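Okay, query04.cif is below, mmCIF, C-alpha atoms:
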data_data
loop_
_atom_site.label_atom_id
_atom_site.label_comp_id
_atom_site.auth_asym_id
_atom_site.auth_seq_id
_atom_site.Cartn_x
_atom_site.Cartn_y
_atom_site.Cartn_z
CA MET W 24 19.97 22.41 -15.41
CA LYS W 25 17.22 20.17 -14.06
CA THR W 26 18.28 16.91 -12.52
CA HIS W 27 14.78 15.45 -12.48
CA PRO W 28 13.13 14.02 -15.58
CA SER W 29 10.01 15.28 -17.28
CA THR W 30 7.06 13.01 -17.89
CA ASP W 31 5.65 12.47 -21.36
CA VAL W 32 1.89 13.05 -21.09
CA SER W 33 1.15 13.66 -24.75
CA SER W 34 -1.21 10.69 -24.99
CA THR W 35 -3.56 11.96 -22.27
CA ASP W 36 -6.85 13.77 -22.78
CA VAL W 37 -6.74 16.19 -19.87
CA SER W 38 -10.29 17.35 -20.55
CA SER W 39 -11.57 13.89 -19.57
CA THR W 40 -10.27 14.14 -15.98
CA ASP W 41 -11.95 15.63 -12.93
CA VAL W 42 -9.88 18.81 -12.77
CA SER W 43 -11.44 19.79 -9.43
CA ARG W 44 -9.93 16.76 -7.68
CA ASP W 45 -7.19 17.55 -5.17
CA ILE W 46 -4.40 15.05 -4.65
CA PHE W 47 -1.81 15.31 -1.90
CA ILE W 48 1.61 13.64 -2.06
CA VAL W 49 3.44 13.16 1.24
CA THR W 50 7.05 12.24 0.59
CA GLN W 51 10.52 12.02 2.10
CA THR W 52 12.06 11.50 -1.35
CA PHE W 53 11.85 14.35 -3.84
CA PRO W 54 14.17 16.59 -5.84
CA PRO W 55 16.45 18.45 -5.56
CA HIS W 56 17.97 15.28 -4.11
CA ILE W 57 19.00 12.83 -6.82
CA GLY W 58 17.87 9.22 -6.77
CA GLY W 59 15.51 6.65 -8.17
CA MET W 60 12.66 7.35 -5.76
CA GLU W 61 13.13 11.09 -6.12
CA SER W 62 12.61 10.73 -9.87
CA VAL W 63 9.59 8.47 -9.35
CA MET W 64 7.83 10.88 -6.98
CA TYR W 65 8.57 13.91 -9.15
CA ALA W 66 7.23 12.13 -12.24
CA LEU W 67 4.10 11.06 -10.37
CA ALA W 68 3.38 14.61 -9.17
CA ASN W 69 4.13 16.17 -12.53
CA GLY W 70 2.25 13.55 -14.53
CA LEU W 71 -0.95 13.71 -12.48
CA ALA W 72 -0.85 17.51 -12.52
CA ALA W 73 -0.57 17.46 -16.31
CA ARG W 74 -3.72 15.36 -16.39
CA GLY W 75 -5.66 18.16 -14.74
CA TYR W 76 -5.57 17.26 -11.05
CA ASN W 77 -4.73 19.84 -8.39
CA MET W 78 -1.48 18.44 -7.03
CA HIS W 79 0.00 19.42 -3.67
CA VAL W 80 3.36 17.98 -2.60
CA PHE W 81 4.53 17.96 1.02
CA GLY W 82 8.25 17.20 1.19
CA ASP W 83 11.16 17.38 3.60
CA LYS W 84 13.60 19.69 1.82
CA PRO W 85 13.25 22.95 -0.15
CA PHE W 86 12.32 22.60 -3.81
CA ASP W 87 11.76 25.44 -6.28
CA ALA W 88 8.33 24.70 -7.74
CA ALA W 89 7.81 28.12 -9.33
CA SER W 90 7.91 26.65 -12.85
CA GLU W 91 6.04 23.46 -11.96
CA ASN W 92 2.34 22.70 -12.33
CA PHE W 93 1.97 21.54 -8.72
CA SER W 94 2.29 23.29 -5.38
CA PHE W 95 5.09 22.36 -2.99
CA SER W 96 5.71 22.92 0.69
CA HIS W 97 8.41 21.49 2.89
CA THR W 98 9.18 20.88 6.55
CA ASP W 99 12.93 21.14 6.96
CA TRP W 100 12.94 20.47 10.70
CA PHE W 101 14.95 18.09 12.84
CA LYS W 102 13.92 14.55 11.91
CA PRO W 103 12.17 13.62 15.21
CA TRP W 104 9.70 16.51 14.78
CA ARG W 105 9.49 16.56 11.00
CA ALA W 106 6.46 14.27 10.65
CA TRP W 107 4.59 16.18 13.36
CA ARG W 108 5.17 19.53 11.65
CA LYS W 109 4.26 18.07 8.27
CA LYS W 110 1.03 16.69 9.74
CA LEU W 111 0.09 20.17 10.98
CA SER W 112 0.59 21.63 7.50
CA LEU W 113 -1.32 18.81 5.84
CA THR W 114 -4.17 19.05 8.34
CA ALA W 115 -4.59 22.74 7.53
CA ALA W 116 -4.59 22.01 3.80
CA LEU W 117 -7.22 19.27 4.18
CA ARG W 118 -9.75 21.32 6.15
CA GLN W 119 -11.74 22.28 3.06
CA GLN W 120 -11.49 18.84 1.44
CA THR W 121 -14.36 16.34 1.28
CA ASP W 122 -12.76 13.37 -0.50
CA PRO W 123 -8.99 13.89 -0.74
CA LEU W 124 -6.60 11.34 -2.18
CA ILE W 125 -3.33 11.17 -0.24
CA ILE W 126 -0.32 9.35 -1.72
CA CYS W 127 2.61 8.42 0.54
CA ASP W 128 5.97 7.50 -0.95
CA SER W 129 6.34 4.73 1.68
CA TRP W 130 4.89 3.52 4.97
CA LYS W 131 7.20 5.95 6.79
CA SER W 132 5.34 8.98 5.43
CA VAL W 133 2.02 7.74 6.85
CA ALA W 134 3.10 9.23 10.21
CA ALA W 135 2.57 12.69 8.69
CA VAL W 136 -1.00 11.96 7.59
CA PRO W 137 -3.89 13.06 9.87
CA ASP W 138 -6.91 10.88 10.66
CA ILE W 139 -7.97 9.82 7.16
CA GLU W 140 -11.19 8.18 8.39
CA ARG W 141 -12.38 11.43 9.93
CA ILE W 142 -11.53 13.37 6.78
CA GLY W 143 -13.27 10.82 4.60
CA GLY W 144 -10.55 10.45 1.97
CA ARG W 145 -8.35 7.60 0.79
CA LEU W 146 -4.75 6.79 1.55
CA VAL W 147 -2.45 5.22 -1.05
CA VAL W 148 0.96 3.89 0.04
CA LEU W 149 3.76 2.86 -2.31
CA ALA W 150 5.85 -0.23 -1.49
CA HIS W 151 9.40 -0.69 -2.80
CA GLY W 152 10.84 -3.92 -1.39
CA GLN W 153 13.59 -3.79 1.18
CA GLU W 154 11.53 -1.91 3.77
CA TYR W 155 9.70 -5.23 4.37
CA LEU W 156 12.80 -7.27 5.21
CA LYS W 157 13.24 -6.20 8.82
CA THR W 158 11.53 -7.71 11.86
CA GLY W 159 10.89 -6.79 15.50
CA ARG W 160 9.84 -3.26 16.41
CA HIS W 161 10.36 -2.14 12.82
CA ALA W 162 7.77 -4.66 11.64
CA GLU W 163 5.30 -3.42 14.26
CA ARG W 164 5.68 0.16 13.02
CA VAL W 165 5.12 -0.94 9.43
CA SER W 166 1.96 -2.85 10.36
CA ARG W 167 0.55 0.12 12.28
CA ALA W 168 1.12 2.40 9.30
CA LEU W 169 -0.41 0.00 6.81
CA ALA W 170 -3.46 -0.50 9.06
CA ARG W 171 -4.49 3.01 7.96
CA THR W 172 -3.96 2.31 4.27
CA HIS W 173 -6.73 1.87 1.71
CA ILE W 174 -4.60 1.05 -1.36
CA LEU W 175 -1.11 -0.47 -1.40
CA ILE W 176 0.76 -0.21 -4.70
CA ALA W 177 3.87 -2.38 -4.90
CA ASN W 178 6.59 -1.98 -7.51
CA SER W 179 6.76 -5.75 -8.18
CA LYS W 180 5.04 -9.02 -7.32
CA ASP W 181 8.03 -9.88 -5.15
CA THR W 182 7.56 -6.69 -3.14
CA LEU W 183 3.84 -7.34 -2.74
CA GLU W 184 4.56 -10.83 -1.39
CA ARG W 185 6.99 -9.36 1.13
CA ALA W 186 4.53 -6.63 2.16
CA THR W 187 1.45 -8.84 2.51
CA PRO W 188 2.31 -10.25 5.99
CA PHE W 189 2.48 -6.64 7.25
CA LEU W 190 -1.07 -5.87 6.11
CA PRO W 191 -3.38 -6.29 9.10
CA SER W 192 -6.56 -6.00 7.10
CA ALA W 193 -7.93 -7.80 4.07
CA GLN W 194 -9.69 -4.52 3.27
CA VAL W 195 -6.45 -3.04 1.91
CA THR W 196 -6.62 -3.13 -1.89
CA ARG W 197 -3.33 -4.40 -3.35
CA HIS W 198 -1.87 -3.77 -6.80
CA VAL W 199 1.45 -4.10 -8.62
CA ILE W 200 2.57 -1.23 -10.85
CA ALA W 201 6.10 -0.81 -12.17
CA PRO W 202 7.50 2.57 -11.05
CA THR W 203 8.36 3.75 -14.57
CA PHE W 204 6.26 6.94 -14.50
CA ALA W 205 9.13 9.03 -15.83
CA LEU W 206 9.96 6.99 -18.94
CA PRO W 207 8.98 8.26 -22.41
CA ALA W 208 6.26 6.80 -24.61
CA ASP W 209 8.62 5.99 -27.47
CA ALA W 210 11.79 4.03 -28.10
CA PRO W 211 14.58 5.04 -30.48
CA PRO W 212 15.80 2.74 -33.26
CA ILE W 213 18.24 0.17 -31.95
CA THR W 214 21.86 1.03 -32.74
CA LEU W 215 23.64 -2.20 -33.63
CA THR W 216 27.20 -1.09 -32.91
CA LYS W 217 28.01 -4.73 -32.20
CA ASN W 218 27.94 -5.54 -35.91
CA ASP W 219 31.36 -3.91 -36.20
CA ASN W 220 33.63 -6.72 -35.03
CA ARG W 221 36.55 -4.33 -34.81
CA ALA W 222 34.88 -2.23 -32.12
CA PRO W 223 35.08 -3.31 -28.48
CA LEU W 224 31.83 -4.38 -26.86
CA LYS W 225 30.31 -1.56 -24.80
CA LEU W 226 29.20 -2.74 -21.38
CA VAL W 227 27.44 -0.21 -19.13
CA SER W 228 26.03 0.04 -15.63
CA LEU W 229 23.91 2.84 -14.21
CA CYS W 230 23.15 2.58 -10.50
CA ARG W 231 24.00 3.65 -7.01
CA LEU W 232 27.32 2.03 -6.15
CA GLU W 233 26.38 -0.41 -3.40
CA ALA W 234 27.67 -3.89 -2.60
CA ARG W 235 24.35 -5.54 -3.55
CA LYS W 236 24.61 -4.38 -7.16
CA GLY W 237 27.04 -7.24 -7.88
CA LEU W 238 29.60 -5.09 -9.69
CA ALA W 239 32.64 -6.32 -7.76
CA GLN W 240 31.72 -9.94 -8.47
CA THR W 241 31.35 -9.10 -12.15
CA ILE W 242 34.77 -7.45 -12.31
CA LYS W 243 36.36 -10.58 -10.86
CA ALA W 244 34.43 -12.82 -13.26
CA LEU W 245 35.57 -10.80 -16.28
CA ALA W 246 39.20 -10.87 -15.12
CA GLY W 247 39.07 -14.63 -14.66
CA MET W 248 38.04 -15.35 -18.24
CA LYS W 249 39.42 -12.31 -20.07
CA SER W 250 41.25 -14.45 -22.64
CA GLU W 251 37.95 -16.07 -23.68
CA LEU W 252 36.12 -12.81 -24.31
CA PRO W 253 36.09 -10.27 -27.14
CA ASP W 254 37.59 -6.87 -26.50
CA PHE W 255 35.33 -4.74 -24.29
CA THR W 256 35.00 -1.56 -22.27
CA TRP W 257 32.75 -1.22 -19.25
CA GLN W 258 31.52 2.18 -18.09
CA ILE W 259 30.02 2.21 -14.61
CA ALA W 260 28.01 5.39 -13.95
CA GLY W 261 26.90 6.29 -10.46
CA ILE W 262 28.07 7.26 -7.01
CA GLY W 263 27.85 5.51 -3.66
CA PRO W 264 29.71 3.86 -0.78
CA GLU W 265 31.10 1.01 -2.92
CA ALA W 266 33.14 3.30 -5.19
CA GLU W 267 36.43 2.91 -3.34
CA ASN W 268 36.13 -0.87 -3.20
CA LEU W 269 35.33 -1.01 -6.92
CA HIS W 270 38.41 1.09 -7.73
CA ALA W 271 40.54 -1.29 -5.69
CA THR W 272 38.99 -4.37 -7.32
CA ILE W 273 39.56 -2.98 -10.80
CA ARG W 274 43.23 -2.35 -10.00
CA ALA W 275 43.71 -5.75 -8.37
CA CYS W 276 42.23 -7.48 -11.43
CA GLY W 277 44.36 -5.47 -13.87
CA LEU W 278 41.36 -4.02 -15.71
CA GLU W 279 42.19 -0.31 -15.39
CA ASP W 280 42.26 0.05 -19.20
CA GLN W 281 38.83 -1.53 -19.69
CA VAL W 282 36.63 -0.84 -16.66
CA PHE W 283 35.94 2.79 -15.70
CA LEU W 284 33.93 4.51 -12.98
CA SER W 285 32.27 7.54 -14.57
CA GLY W 286 30.68 9.11 -11.51
CA HIS W 287 27.26 10.77 -11.55
CA LEU W 288 25.45 10.85 -14.88
CA ASP W 289 23.00 13.67 -15.66
CA VAL W 290 19.60 12.79 -17.06
CA GLU W 291 20.49 14.46 -20.34
CA ASP W 292 23.53 12.21 -20.76
CA LYS W 293 21.63 8.94 -20.33
CA VAL W 294 20.51 8.87 -23.96
CA GLU W 295 24.02 8.74 -25.41
CA PHE W 296 25.22 6.48 -22.60
CA LEU W 297 22.56 3.82 -23.19
CA SER W 298 22.02 4.14 -26.94
CA ASN W 299 25.64 3.15 -27.62
CA ALA W 300 25.63 0.19 -25.22
CA ASP W 301 25.68 -3.51 -26.08
CA LEU W 302 24.92 -4.94 -22.63
CA PHE W 303 23.61 -3.51 -19.36
CA ILE W 304 25.14 -5.05 -16.24
CA MET W 305 23.67 -4.97 -12.74
CA PRO W 306 23.48 -8.49 -11.25
CA SER W 307 22.04 -7.39 -7.94
CA TYR W 308 21.54 -9.73 -5.00
CA GLN W 309 20.21 -9.49 -1.44
CA HIS W 310 22.86 -8.05 0.84
CA GLY W 311 21.67 -8.05 4.43
CA ASN W 312 18.39 -6.13 4.54
CA SER W 313 18.92 -4.58 1.13
CA LEU W 314 17.70 -5.86 -2.22
CA GLU W 315 16.39 -4.70 -5.61
CA GLY W 316 12.66 -4.06 -5.29
CA PHE W 317 12.32 -3.69 -9.06
CA GLY W 318 15.14 -1.95 -10.94
CA ILE W 319 14.08 0.96 -13.16
CA SER W 320 17.52 1.13 -14.77
CA TYR W 321 16.97 -2.26 -16.40
CA ILE W 322 13.89 -0.80 -18.10
CA GLU W 323 15.73 2.37 -19.09
CA ALA W 324 18.25 0.16 -20.89
CA ALA W 325 15.47 -1.88 -22.50
CA ARG W 326 14.08 1.29 -24.08
CA PHE W 327 17.27 1.43 -26.17
CA GLY W 328 17.18 -2.25 -27.05
CA VAL W 329 19.94 -3.12 -24.58
CA PRO W 330 19.54 -6.50 -22.85
CA ALA W 331 20.45 -6.73 -19.18
CA LEU W 332 22.46 -9.05 -16.99
CA ALA W 333 20.52 -8.99 -13.71
CA GLY W 334 20.36 -10.88 -10.45
CA ASN W 335 17.71 -13.45 -9.61
CA THR W 336 16.47 -11.98 -6.30
CA GLY W 337 13.85 -9.37 -5.49
CA GLY W 338 11.96 -7.69 -8.29
CA ALA W 339 14.86 -7.84 -10.75
CA ARG W 340 13.40 -11.08 -12.13
CA GLU W 341 10.31 -9.13 -13.14
CA ALA W 342 12.17 -6.19 -14.66
CA VAL W 343 14.36 -8.62 -16.65
CA LEU W 344 12.83 -11.85 -17.93
CA HIS W 345 15.48 -14.56 -17.99
CA GLY W 346 16.04 -15.85 -21.51
CA GLU W 347 13.61 -13.30 -22.98
CA THR W 348 14.96 -9.81 -22.28
CA GLY W 349 18.26 -10.67 -20.62
CA TRP W 350 19.89 -12.96 -18.07
CA CYS W 351 19.01 -13.38 -14.37
CA VAL W 352 21.73 -15.12 -12.38
CA ASP W 353 22.81 -16.07 -8.89
CA THR W 354 25.47 -13.42 -8.54
CA LEU W 355 27.17 -15.22 -5.65
CA ASN W 356 27.66 -18.33 -7.79
CA PRO W 357 30.86 -17.51 -9.73
CA ASP W 358 30.32 -20.24 -12.33
CA GLU W 359 26.75 -19.14 -13.09
CA LEU W 360 27.74 -15.49 -13.33
CA ALA W 361 30.68 -16.31 -15.62
CA ALA W 362 28.53 -18.49 -17.88
CA ALA W 363 25.97 -15.73 -18.36
CA LEU W 364 28.67 -13.15 -19.07
CA ARG W 365 30.30 -15.47 -21.57
CA GLU W 366 27.08 -16.03 -23.50
CA ALA W 367 26.08 -12.37 -23.38
CA MET W 368 29.44 -11.19 -24.67
CA THR W 369 30.24 -13.86 -27.27
CA ASP W 370 26.84 -14.70 -28.79
CA THR W 371 26.05 -11.58 -30.82
CA GLU W 372 22.88 -12.97 -32.37
CA ARG W 373 21.47 -13.98 -28.99
CA ARG W 374 22.35 -10.67 -27.40
CA GLU W 375 20.69 -8.68 -30.16
CA GLN W 376 17.59 -10.88 -30.07
CA LEU W 377 17.12 -10.31 -26.35
CA GLY W 378 17.72 -6.59 -26.86
CA ARG W 379 14.95 -6.37 -29.46
CA GLN W 380 12.60 -8.30 -27.21
CA ALA W 381 13.48 -6.04 -24.29
CA GLN W 382 12.55 -2.98 -26.32
CA GLU W 383 9.28 -4.56 -27.50
CA ARG W 384 8.36 -5.32 -23.89
CA TYR W 385 9.25 -1.77 -22.88
CA LEU W 386 6.79 -0.34 -25.40
CA ALA W 387 4.08 -2.82 -24.44
CA GLU W 388 4.35 -2.61 -20.64
CA PHE W 389 6.50 0.19 -19.22
CA THR W 390 6.01 3.56 -20.92
CA GLY W 391 5.32 6.40 -18.50
CA PRO W 392 1.92 7.52 -19.84
CA ASP W 393 0.52 3.98 -19.78
CA ILE W 394 1.85 3.34 -16.27
CA LEU W 395 0.40 6.65 -15.06
CA ASP W 396 -2.97 5.79 -16.61
CA ARG W 397 -2.95 2.46 -14.76
CA PHE W 398 -2.10 4.23 -11.50
CA ALA W 399 -4.93 6.74 -11.97
CA ASN W 400 -7.43 4.01 -12.77
CA LEU W 401 -6.50 1.88 -9.77
CA CYS W 402 -6.81 4.91 -7.49
CA GLY W 403 -10.28 5.67 -8.88
CA LEU W 404 -9.23 8.88 -10.58
CA ARG W 405 -10.79 8.21 -13.97
#
Would you encode the structure as structure tokens?
Amino acid sequence: MKTHPSTDVSSTDVSSTDVSRDIFIVTQTFPPHIGGMESVMYALANGLAARGYNMHVFGDKPFDAASENFSFSHTDWFKPWRAWRKKLSLTAALRQQTDPLIICDSWKSVAAVPDIERIGGRLVVLAHGQEYLKTGRHAERVSRALARTHILIANSKDTLERATPFLPSAQVTRHVIAPTFALPADAPPITLTKNDNRAPLKLVSLCRLEARKGLAQTIKALAGMKSELPDFTWQIAGIGPEAENLHATIRACGLEDQVFLSGHLDVEDKVEFLSNADLFIMPSYQHGNSLEGFGISYIEAARFGVPALAGNTGGAREAVLHGETGWCVDTLNPDELAAALREAMTDTERREQLGRQAQERYLAEFTGPDILDRFANLCGLR
């Protein structure tokens, strides 16, 4: 069973692309590991390959690409020497290239790229958000990597603003593209399970279980106003270091019969999980040097007409438009969080309206084929 998603490329005319063009992806995040960035990089490689480009992926860990339409090589060495070994492999692959396009999953992967000016190609670097929060020697390393970059593609306006001070040259072209390469081109009919007043509201979360996701604060808010709310269940899907604390918080708040941790959710199970939901919950906030650069899961929920309760920091405010496709709150303000939960759970008409608008925005702005077309255009591939 594959754990990485396929990319819908049905709307693309492959014959219109330059099929002789070679594109190289240098990445530290790729399947078989499971995660948001792993899915993004797989979808990018697969989607561009389906458009006719000769795709070559250089990763860190083994990946069986026998059934894929791109080549894959890996450098599974000790971390201190991994970039050096990867650079040797990439240098050999680039010897016959005259104008290669190299895409790095982040500034960290630039260390594995040989002298791009000598080769004569272009270097594209993806920016995600929290990697631009640190200072000191870390900031110096980021600036040195970005000094070699031709095109920086950020996942949100917020991320671009955070990355801009690290860009040493005005010559670096800067763009914002949502990282929704893997999402389908269609949206299913909205299932209005909330019209049945006898059924409990279905709240869902789908994320890595980290403190910054705001789940513990939400559990406490629900417990504090339980008597004011309709009956509900809340399924939290995902794994991560916060799992034990969430279990303890659920028990302490007496919500064991309503709030459940479901563990890892396979890609194939997302459809049923989200299509039956009434409200998506992930009120993320900045926790130390960690924040939500964008939040693909908000957009996955929007595809099914599910509005989201999000935080108001980082790129979450761009993935969820407050008052239009969901609610963006200060998670660390208990009164504000409780007020948003109360409205989302008690005002059926409002919740369904925001869900419809979320789905409409998904179709207009976030489908994988359209996002991939934008990426190709901005990189000069079409």
**Report entry** Selection as a PyMOL selection string: residues within 9 Å of (-5.8, -3.3, 11.8), counting all atoms listed in the file
**Finding:** chain W and resi 166-167+169-171+190-192
Query raised in the report: Could you spell out the hits of the PyMOL selection byres ((chain W and resi 282) around 10) on the shown file, as a PyMOL selection string?
Result: chain W and resi 226-227+242+255-259+269-270+273-274+277-281+283-285
**Report entry** Target residues per the PyMOL selection byres ((chain W and resi 358) around 12), formatted as a list of chain:residue names
**Finding:**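 Going through the file, the PyMOL selection byres ((chain W and resi 358) around 12) ends up selecting W:Gln240, W:Thr241, W:Lys243, W:Ala244, W:Leu245, W:Gly247, W:Met248, W:Val352, W:Asp353, W:Thr354, W:Leu355, W:Asn356, W:Pro357, W:Glu359, W:Leu360, W:Ala361, W:Ala362, W:Ala363, W:Leu364, W:Arg365.
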**Report entry** Nearby residues (all atoms listed in the file) at most 9 Å from Ala186 in chain W, same-chain spacing under 2 positions excluded, as a ChimeraX atom specification
**Finding:** /W:150,152,154-156,177,181-184,188-190
Query raised in the report: When distances are computed from only C-alpha atoms, which of W:His161, W:Arg235, W:Arg373, W:His79 shows the smallest separation from Ala116 in chain W?
Result: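 Ranking W:His161, W:Arg235, W:Arg373, W:His79 by distance to Ala116 in chain W, first place goes to W:His79.
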